[in-house]
Amino acid sequence: MQKVEICGVDTSGLPKLTAQENEELMKRLKQGDKKARDKFIVGNMRLVLSLVKRFRIKNLGADDVFQAGCVGLIKAIDGFDLSVGVKFSTYAVPMIVGEIKRYLR
């Protein structure tokens, strides 16, 4: 895989979390586990990257769009409710896209 660095993050080295790992980390972070929160954020940056690709604009750096997407990811983590029974990515994608669009305006 090619090394692509965005905002100082080597995207080729981002971990891939299984659905089970995502669910377990979400439960732990909702209980206040800071390490689980950090691991969950890093583990879901691939989701942000996949959405950033939709918004590539010549005059706008990918770093800025990626940062806006990460803000959306964190807002999605904070607002996610485990009891609803929805996958995190289903909830997070509109939040991330909304934050990117808000930044682009």
# chains A, B, ... in the order shown; residues from 1 in each chain; ligands from 1
$ select_by_dssp --residues "stretch 8-105 of chain A" --states "strand (DSSP E or B)" --output "PyMOL selection string"
chain A and resi 9-10+57+60
$ residues_around --residues "A:Gly72" --least-positions-apart "2" --cutoff "6 Å" --atoms "only C-alpha atoms" --output "count of residues only"
7
$ residues_around --residues "A:Asn44" --least-positions-apart "4" --cutoff "12 Å" --atoms "only C-alpha atoms" --output "count of residues only"
32
$ atom_distance --atom1 "atom CA of A:Ala68" --atom2 "atom CA of A:Ile100"
5.3 Å
$ select_by_dssp --residues "chain A" --states "helix (DSSP H, G or I)" --output "ChimeraX atom specification"
/A:11-13,19-30,34-43,45-55,62-79,82-84,88-104
